[in-house]
Amino acid sequence: MTVLRTVGILFLLASMLLPTSSFSRTSLYDTPKPVSGEAASPSYAIAAHTIGKLALSVCNNGTFGDGFSPTCNQDDCIDYFTYEAIPCCEYPKGSGSKYLFAGAFWIGAIVNRDTLVSVGADGWSSAGEFNPDHPPLGNMIFRSTIDPAKPEFAGAISEQDYTAVYYDTCRENSCPWEIDYLDGRGHRPLNIEVTQRSFAWSYEYAEDFVLFDFGIRNMGHERLKEVYMGIYVDADIHQAGIEGDGAQDDICGFRETFVAQYLEPIYGVVYDTVNIAWTADDGRSGLGPGGDPLPNNDDGNISVNHITATRIVRTPNEELDVSFNWWISNVASALDYGPQAHESARELETGGKGTPEGDRNKYHFLRNGEFDFDQVMTYDIQFNDPMWETPPQDFVDDWSNGLDTRYLLSFGPFSIEEGQTLPISLAYVAGEDFHTDPSNADNLANDWRAYYEGVDFSDLAANATWADWLYDNPGVDTDGDGYYGEYHFAIDSNGDTLKRKAYKGDGVPDWKGAGPPPAPFVRIVPTVGSIGVLFNGSRSENTPDNFSDTIDFEGYRIYCGRDERRSSYSIFASYDVENYNKYTFTYDEALETSDFLLLDFPFTLERLKELYSGGNPDWNPESYSSINSPFIWGEYPDSIFYFEPQDFNRSVLRSKLNDTISWNSPIMKVWPDAPKPPDDWLIDTLTLPDSIWQQGLDTAYLDEDGYWKYYDYEYTIEDLLPTVPYWVNVTAFDFGSPTTGLPPLESNPTIQPKISYPLELADDVAAKGLEVFVYPNPYRLDGDYADGGYENRLRDRAADRARLIHFANLPERCTITIYSLDGDMIQEINHPSTASTSACAVTTSHECWNLITRNAQLVASGLYYWTVEDLEGNVQIGKMAIIM
């Protein structure tokens, strides 16, 4: 636009009256893309696993969490793949509860006569001895099993895979190693390459952990002897908004075994070996801004009442020594402390008795074979303890109450020959409701036994078990050598086996678990006040479960929410197959007990009638729906049973052709008369026989997007506010697995949702000649927009960086310019924007301005003019008021 044209527009703007309008709105992150480093620098990156309930960031420098990521600073940590702000370790996702500062990979070995250790970070110095290659060789890689049509599907293990490769060989100035505290030398590498893969899932049984798989390759020419590997963790657990970093009240410990919760009572009390290192908050509420106590959660529990832990799931060989060491790092040497056993006490102290500085101290911790007593027991270690050196008594209460605790879980020894690669796998696991009573913290430094009676490890134990099972499926002979793993047995008084339950795999990684059906393909069509949802379920209804190899599709659910949090979504409509579970009467002669058990997959109504109706057209399984009214048929054992609907049996779709027909699901088929494709066509659309194409019959089977018409569905979400965005998705769910005890699984509605304002699309705006409008206008500082949920809905940003003014009825591509009364350009926005708030440009006719000027300052109160110019030079003009 020329200067003269601009001046003319501004004179015209000055003559206009100030309009008023109503409003509703919301906002999300306004995140810039990360800035690339110099070409000669390592390709540092950080990415977040956000697919499950545990949101965990991983890096390509031997660390996880964001505490030691070279790409992060105090105010800015951006995902390498999504360009969005990322959580460090948030659990549950979206809660604002932070359960990790950082973790790091450690490895030490004897090379010739030298003791060498390489670490991702040591938590005390700024040492970082693992680094990726230069780009593009050092770039992280993303893969996913979610969509087979996308390139990242190839080779994917989980719904969210990240692969990173890094080395301990960098000695350039760009690599952040430091002088060894003990030996006064620079970093001496082991000459190893580490390939790190991390996996995450959204499934109900797998959403609470992230699995890591490491391949450690000896690139050097020397044999690495007496190798020990470890995972270092510094948690700093706290709730968002807490004063400080939450470091000064952490506790930790080690559990060698857990009670096997998945077994029936007839097995008795059985313990599984888990070797898990855990950390948690002390159990007291934190302090918010100004020192005021943070409120408890909605359920009355304390602010950070959960627990996280590290579990080893694979080592290079079975017979290895495991060590667990914890310590308190503190600038005051008297408070720098960690337990030491008499037999393995280190000789090389570095200011205090805790932090292991220097390679030789770190190697000692990696290999000392200690299982340190839990931190809460510190006060109870007395003088002349037969196993442990006596802690300094002036501070035992401080350490027992929780401080800036770190732990190291390690194992070895083994050797790595030149060119050899050794695998290790571990899980970072979270568990809910470790703390249930804030007053239990009063037992710290007073009665640790009573303290442990007041906490609950059960959810952590269950999740740690599932992490191990997903890595190596129990009862599965993966390599075909006839070994199916290990079992627990229920034995009667005569020594006979009553039942058995597989609990450990065959030692060959599977990286596989039962999953829900693939989510359908979804697209949306918004209009004023409503959003049309169209989806195709050909994959959902015809893909076998990757664990049972059975097509277990049960139905769909349509979700809508006001933001991306799982708790924000509500079910608006559902459909499920009409089928029933059959509970069969069984009698156990050995135990002299009887019960009705679920032994089979669900039966369709048609199949049940074939089996049991005896030709009676009025036979109905719902007439036999409890143990008090069972169905009796044939001879024992398949003779007495009752039936229950698998879900709600909302199987009658609303008719698109005749709305007078009775229905119990408001979802409709887009093409009610479309023929069902034969099973052998369903792999993809390319398997249509040539004769179908030649006869021009493909349009009878395929829609305009190439999907099978038979599986096209639609539903309209109505009565929506047009001025706020909505998150919409469609999930698919299955009927579970009665043989393994798995409940029905559902795809995650928070994965790849469709986001839209219920406004006209840009094409419809142009066709109807609609004019641009702005809201809220005026924008008022005292408008309480955040309290009403219209902006900063997640309260995750400073208020001055979360304000929004909305432009609606925009052309598909245009330039928005804001001017002061004096004609100064305040801001210019190219629509659709890419660096704007993530929800602003999701609808083709909508855009936002965050009230930040082109000089990166918050705009002042006043009257402003705006112009919208499309690609053809057509200009619309208006004005707005901002009252700050």
# chains A, B, ... in the order shown; residues from 1 in each chain; ligands from 1
>>> residues_around(residues="Trp511 in chain A", least_positions_apart="4", cutoff="8 Å", atoms="only C-alpha atoms", output="JSON, numbers by chain")
{"A": [157, 470, 471, 472, 473]}
>>> write_last_selection(atoms="all heavy atoms", output="short mmCIF file (atom, residue, chain, number, x, y, z; two decimals), in the first residue's frame")
data_model
loop_
_atom_site.label_atom_id
_atom_site.label_comp_id
_atom_site.auth_asym_id
_atom_site.auth_seq_id
_atom_site.Cartn_x
_atom_site.Cartn_y
_atom_site.Cartn_z
N ILE A 157 7.14 -47.51 16.60
CA ILE A 157 6.84 -48.48 17.65
C ILE A 157 5.60 -48.07 18.43
O ILE A 157 4.74 -48.89 18.75
CB ILE A 157 8.04 -48.61 18.60
CG1 ILE A 157 9.27 -49.14 17.87
CG2 ILE A 157 7.69 -49.49 19.80
CD1 ILE A 157 9.14 -50.55 17.36
N LEU A 470 4.61 -54.27 28.50
CA LEU A 470 4.55 -53.76 27.15
C LEU A 470 5.90 -53.94 26.45
O LEU A 470 5.95 -54.23 25.25
CB LEU A 470 4.14 -52.27 27.17
CG LEU A 470 3.65 -51.68 25.85
CD1 LEU A 470 2.62 -50.60 26.11
CD2 LEU A 470 4.78 -51.11 25.03
N TYR A 471 6.97 -53.78 27.21
CA TYR A 471 8.30 -54.02 26.64
C TYR A 471 8.46 -55.49 26.24
O TYR A 471 8.95 -55.80 25.15
CB TYR A 471 9.37 -53.62 27.66
CG TYR A 471 10.68 -54.33 27.46
CD1 TYR A 471 11.52 -54.00 26.40
CD2 TYR A 471 11.07 -55.36 28.32
CE1 TYR A 471 12.71 -54.67 26.21
CE2 TYR A 471 12.26 -56.03 28.13
CZ TYR A 471 13.08 -55.68 27.07
OH TYR A 471 14.25 -56.36 26.87
N ASP A 472 8.05 -56.41 27.11
CA ASP A 472 8.21 -57.84 26.85
C ASP A 472 6.93 -58.54 27.28
O ASP A 472 6.71 -58.78 28.46
CB ASP A 472 9.42 -58.37 27.63
CG ASP A 472 9.75 -59.82 27.32
OD1 ASP A 472 9.14 -60.38 26.39
OD2 ASP A 472 10.61 -60.40 28.01
N ASN A 473 6.07 -58.85 26.32
CA ASN A 473 4.75 -59.38 26.62
C ASN A 473 4.84 -60.72 27.35
O ASN A 473 5.47 -61.67 26.85
CB ASN A 473 3.95 -59.58 25.34
CG ASN A 473 3.74 -58.31 24.54
OD1 ASN A 473 3.43 -58.37 23.37
ND2 ASN A 473 3.91 -57.15 25.17
#
>>> residues_around(residues="range 382-399 of chain A", least_positions_apart="4", cutoff="7 Å", atoms="only C-alpha atoms", output="number ranges by chain")
A: 335, 340-342, 375, 378, 403, 445
>>> residues_around(residues="Thr716 in chain A", least_positions_apart="2", cutoff="6 Å", atoms="only C-alpha atoms", output="PDB file with all heavy atoms, in the first residue's frame")
ATOM      1  N   ILE A 531     -20.988 -26.740  14.291  1.00  0.00           N
ATOM      2  CA  ILE A 531     -19.854 -27.374  13.620  1.00  0.00           C
ATOM      3  C   ILE A 531     -20.318 -28.735  13.119  1.00  0.00           C
ATOM      4  O   ILE A 531     -20.741 -29.597  13.915  1.00  0.00           O
ATOM      5  CB  ILE A 531     -18.649 -27.537  14.565  1.00  0.00           C
ATOM      6  CG1 ILE A 531     -18.136 -26.176  15.024  1.00  0.00           C
ATOM      7  CG2 ILE A 531     -17.530 -28.321  13.887  1.00  0.00           C
ATOM      8  CD1 ILE A 531     -17.007 -26.253  16.036  1.00  0.00           C
ATOM      9  N   GLY A 532     -20.236 -28.932  11.820  1.00  0.00           N
ATOM     10  CA  GLY A 532     -20.533 -30.230  11.240  1.00  0.00           C
ATOM     11  C   GLY A 532     -19.321 -31.138  11.328  1.00  0.00           C
ATOM     12  O   GLY A 532     -18.204 -30.725  11.003  1.00  0.00           O
ATOM     13  N   VAL A 533     -19.537 -32.367  11.785  1.00  0.00           N
ATOM     14  CA  VAL A 533     -18.453 -33.337  11.955  1.00  0.00           C
ATOM     15  C   VAL A 533     -18.660 -34.470  10.966  1.00  0.00           C
ATOM     16  O   VAL A 533     -19.708 -35.127  10.980  1.00  0.00           O
ATOM     17  CB  VAL A 533     -18.419 -33.898  13.397  1.00  0.00           C
ATOM     18  CG1 VAL A 533     -17.223 -34.828  13.578  1.00  0.00           C
ATOM     19  CG2 VAL A 533     -18.389 -32.773  14.410  1.00  0.00           C
TER      20      VAL A 533
END
>>> select_by_dssp(residues="range 326-425 of chain A", states="strand (DSSP E or B)", output="VMD selection string")
chain A and resid 326 to 328 337 341 350 352 371 388 403 405 to 416 421 to 425
>>> atom_distance(atom1="CA of Val165 in chain A", atom2="CA of Thr405 in chain A")
29.0 Å
>>> select_by_dssp(residues="range 278-460 of chain A", states="alpha helix (DSSP H)", output="list in words")
Asp359, Arg360, Asn361, Lys362, Tyr363, His364, Phe365, Leu366, Arg367, Val396, Asp397, Asp398, Trp399, Ser400, Asn401, Trp448, Arg449, Ala450, Tyr451, Tyr452, Glu453, Ser458, Asp459 and Leu460 of chain A
>>> closest_residue(among="A:Val774, A:Ala732, A:Val528, A:Ala441", to="Asp719 in chain A", atoms="only C-alpha atoms")
A:Val528
>>> residues_around(residues="range 115-128 of chain A", least_positions_apart="5", cutoff="9 Å", atoms="only C-alpha atoms", output="ChimeraX atom specification")
/A:61-63,67-68,102-110,168,175-179,187-190,232-234,329,355-360,362-363,406
>>> atom_distance(atom1="CA of Phe735 in chain A", atom2="CA of Phe601 in chain A")
7.8 Å
>>> residues_around(residues="Cys77 in chain A", least_positions_apart="3", cutoff="12 Å", atoms="only C-alpha atoms", output="JSON, numbers by chain")
{"A": [31, 32, 33, 34, 35, 45, 46, 47, 48, 57, 58, 59, 65, 66, 67, 68, 69, 70, 71, 72, 73, 74, 80, 82, 83, 84, 85, 86, 87, 88]}
>>> atom_distance(atom1="CA of Arg523 in chain A", atom2="CA of Asp147 in chain A")
14.7 Å
>>> residues_around(residues="Leu858 in chain A", least_positions_apart="5", cutoff="9 Å", atoms="only C-alpha atoms", output="list in words")
Asp800, Arg801, Asn850, Leu851, Ile852 and Thr853 of chain A
>>> residues_around(residues="Thr543 in chain A", least_positions_apart="2", cutoff="12 Å", atoms="only C-alpha atoms", output="list in words")
Pro148, Gly515, Pro516, Pro517, Pro518, Ala519, Pro520, Gly537, Ser538, Arg539, Ser540, Glu541, Asp545, Asn546, Phe547, Ser548, Asp549, Thr550, Ile551, Asp552, Phe553, Glu554, Asp679, Leu682, Ile683, Asp684, Ala732, Phe733 and Asp734 of chain A
>>> decode(residues="range 732-778 of chain A", atoms="N, CA and C atoms", output="tab-separated table (two decimals), in the first residue's frame")
chain	number	residue	atom	x	y	z
A	732	ALA	N	-12.54	-43.95	18.39
A	732	ALA	CA	-13.03	-45.32	18.19
A	732	ALA	C	-12.67	-46.13	19.42
A	733	PHE	N	-13.53	-47.05	19.83
A	733	PHE	CA	-13.23	-47.87	21.01
A	733	PHE	C	-13.55	-49.32	20.71
A	734	ASP	N	-12.92	-50.20	21.50
A	734	ASP	CA	-13.11	-51.64	21.30
A	734	ASP	C	-13.85	-52.25	22.48
A	735	PHE	N	-13.97	-53.58	22.48
A	735	PHE	CA	-14.70	-54.23	23.57
A	735	PHE	C	-13.79	-54.86	24.62
A	736	GLY	N	-12.50	-54.57	24.56
A	736	GLY	CA	-11.59	-55.08	25.58
A	736	GLY	C	-11.20	-56.52	25.35
A	737	SER	N	-10.60	-57.11	26.38
A	737	SER	CA	-10.14	-58.49	26.27
A	737	SER	C	-10.45	-59.23	27.57
A	738	PRO	N	-11.49	-60.06	27.59
A	738	PRO	CA	-11.83	-60.77	28.82
A	738	PRO	C	-10.76	-61.76	29.25
A	739	THR	N	-9.97	-62.28	28.33
A	739	THR	CA	-8.96	-63.29	28.69
A	739	THR	C	-7.78	-62.68	29.43
A	740	THR	N	-7.47	-61.39	29.15
A	740	THR	CA	-6.36	-60.73	29.83
A	740	THR	C	-6.81	-59.76	30.90
A	741	GLY	N	-8.11	-59.52	30.98
A	741	GLY	CA	-8.62	-58.59	31.97
A	741	GLY	C	-8.52	-57.14	31.55
A	742	LEU	N	-8.16	-56.87	30.28
A	742	LEU	CA	-8.07	-55.49	29.82
A	742	LEU	C	-9.47	-54.92	29.63
A	743	PRO	N	-9.71	-53.70	30.12
A	743	PRO	CA	-11.00	-53.05	29.86
A	743	PRO	C	-11.07	-52.58	28.42
A	744	PRO	N	-12.23	-52.16	27.96
A	744	PRO	CA	-12.31	-51.58	26.61
A	744	PRO	C	-11.36	-50.40	26.46
A	745	LEU	N	-10.71	-50.32	25.31
A	745	LEU	CA	-9.74	-49.26	25.04
A	745	LEU	C	-10.32	-48.31	24.00
A	746	GLU	N	-10.01	-47.03	24.18
A	746	GLU	CA	-10.54	-45.98	23.31
A	746	GLU	C	-9.40	-45.11	22.82
A	747	SER	N	-9.43	-44.71	21.56
A	747	SER	CA	-8.43	-43.76	21.08
A	747	SER	C	-8.58	-42.44	21.84
A	748	ASN	N	-7.51	-41.68	21.88
A	748	ASN	CA	-7.46	-40.50	22.73
A	748	ASN	C	-8.07	-39.29	22.02
A	749	PRO	N	-9.10	-38.67	22.59
A	749	PRO	CA	-9.72	-37.51	21.91
A	749	PRO	C	-8.80	-36.30	21.83
A	750	THR	N	-7.75	-36.26	22.64
A	750	THR	CA	-6.85	-35.10	22.61
A	750	THR	C	-5.77	-35.21	21.54
A	751	ILE	N	-5.72	-36.34	20.83
A	751	ILE	CA	-4.74	-36.51	19.76
A	751	ILE	C	-5.31	-35.97	18.45
A	752	GLN	N	-4.63	-35.03	17.87
A	752	GLN	CA	-4.99	-34.43	16.58
A	752	GLN	C	-6.46	-34.01	16.53
A	753	PRO	N	-6.92	-33.22	17.50
A	753	PRO	CA	-8.30	-32.72	17.42
A	753	PRO	C	-8.43	-31.68	16.31
A	754	LYS	N	-9.64	-31.47	15.87
A	754	LYS	CA	-9.93	-30.39	14.94
A	754	LYS	C	-10.39	-29.18	15.76
A	755	ILE	N	-9.81	-28.02	15.49
A	755	ILE	CA	-10.09	-26.81	16.26
A	755	ILE	C	-10.76	-25.81	15.33
A	756	SER	N	-11.84	-25.21	15.79
A	756	SER	CA	-12.55	-24.28	14.92
A	756	SER	C	-13.43	-23.34	15.74
A	757	TYR	N	-13.62	-22.13	15.18
A	757	TYR	CA	-14.67	-21.25	15.65
A	757	TYR	C	-15.94	-21.58	14.85
A	758	PRO	N	-17.10	-21.59	15.49
A	758	PRO	CA	-18.35	-21.82	14.75
A	758	PRO	C	-18.74	-20.58	13.94
A	759	LEU	N	-17.95	-20.31	12.91
A	759	LEU	CA	-18.15	-19.15	12.04
A	759	LEU	C	-18.20	-19.63	10.59
A	760	GLU	N	-18.66	-18.76	9.73
A	760	GLU	CA	-18.65	-19.07	8.32
A	760	GLU	C	-17.21	-19.24	7.84
A	761	LEU	N	-16.97	-20.20	6.94
A	761	LEU	CA	-15.68	-20.31	6.30
A	761	LEU	C	-15.49	-19.16	5.32
A	762	ALA	N	-14.22	-18.91	4.97
A	762	ALA	CA	-13.91	-17.75	4.13
A	762	ALA	C	-14.65	-17.80	2.80
A	763	ASP	N	-14.80	-18.99	2.22
A	763	ASP	CA	-15.52	-19.11	0.95
A	763	ASP	C	-16.97	-18.67	1.10
A	764	ASP	N	-17.59	-19.05	2.21
A	764	ASP	CA	-18.98	-18.66	2.45
A	764	ASP	C	-19.08	-17.17	2.76
A	765	VAL	N	-18.08	-16.63	3.45
A	765	VAL	CA	-18.06	-15.19	3.71
A	765	VAL	C	-18.07	-14.42	2.40
A	766	ALA	N	-17.20	-14.86	1.46
A	766	ALA	CA	-17.13	-14.17	0.17
A	766	ALA	C	-18.43	-14.33	-0.61
A	767	ALA	N	-18.99	-15.55	-0.59
A	767	ALA	CA	-20.21	-15.79	-1.35
A	767	ALA	C	-21.39	-14.98	-0.82
A	768	LYS	N	-21.43	-14.76	0.48
A	768	LYS	CA	-22.54	-14.03	1.09
A	768	LYS	C	-22.26	-12.54	1.24
A	769	GLY	N	-21.03	-12.10	0.91
A	769	GLY	CA	-20.68	-10.69	1.01
A	769	GLY	C	-20.67	-10.17	2.43
A	770	LEU	N	-20.26	-11.00	3.39
A	770	LEU	CA	-20.25	-10.60	4.80
A	770	LEU	C	-19.09	-9.67	5.09
A	771	GLU	N	-19.28	-8.74	6.02
A	771	GLU	CA	-18.26	-7.76	6.37
A	771	GLU	C	-17.46	-8.20	7.58
A	772	VAL	N	-16.21	-7.77	7.63
A	772	VAL	CA	-15.33	-8.05	8.76
A	772	VAL	C	-15.88	-7.38	10.02
A	773	PHE	N	-15.80	-8.07	11.15
A	773	PHE	CA	-16.11	-7.44	12.43
A	773	PHE	C	-15.07	-7.82	13.47
A	774	VAL	N	-14.98	-7.00	14.51
A	774	VAL	CA	-13.96	-7.13	15.55
A	774	VAL	C	-14.64	-7.27	16.89
A	775	TYR	N	-14.10	-8.15	17.74
A	775	TYR	CA	-14.64	-8.30	19.10
A	775	TYR	C	-13.53	-8.75	20.04
A	776	PRO	N	-13.61	-8.44	21.34
A	776	PRO	CA	-14.56	-7.50	21.97
A	776	PRO	C	-14.18	-6.07	21.61
A	777	ASN	N	-15.16	-5.24	21.45
A	777	ASN	CA	-14.93	-3.86	21.05
A	777	ASN	C	-15.95	-2.98	21.76
A	778	PRO	N	-15.53	-2.26	22.79
A	778	PRO	CA	-14.14	-2.03	23.20
A	778	PRO	C	-13.56	-3.21	24.00
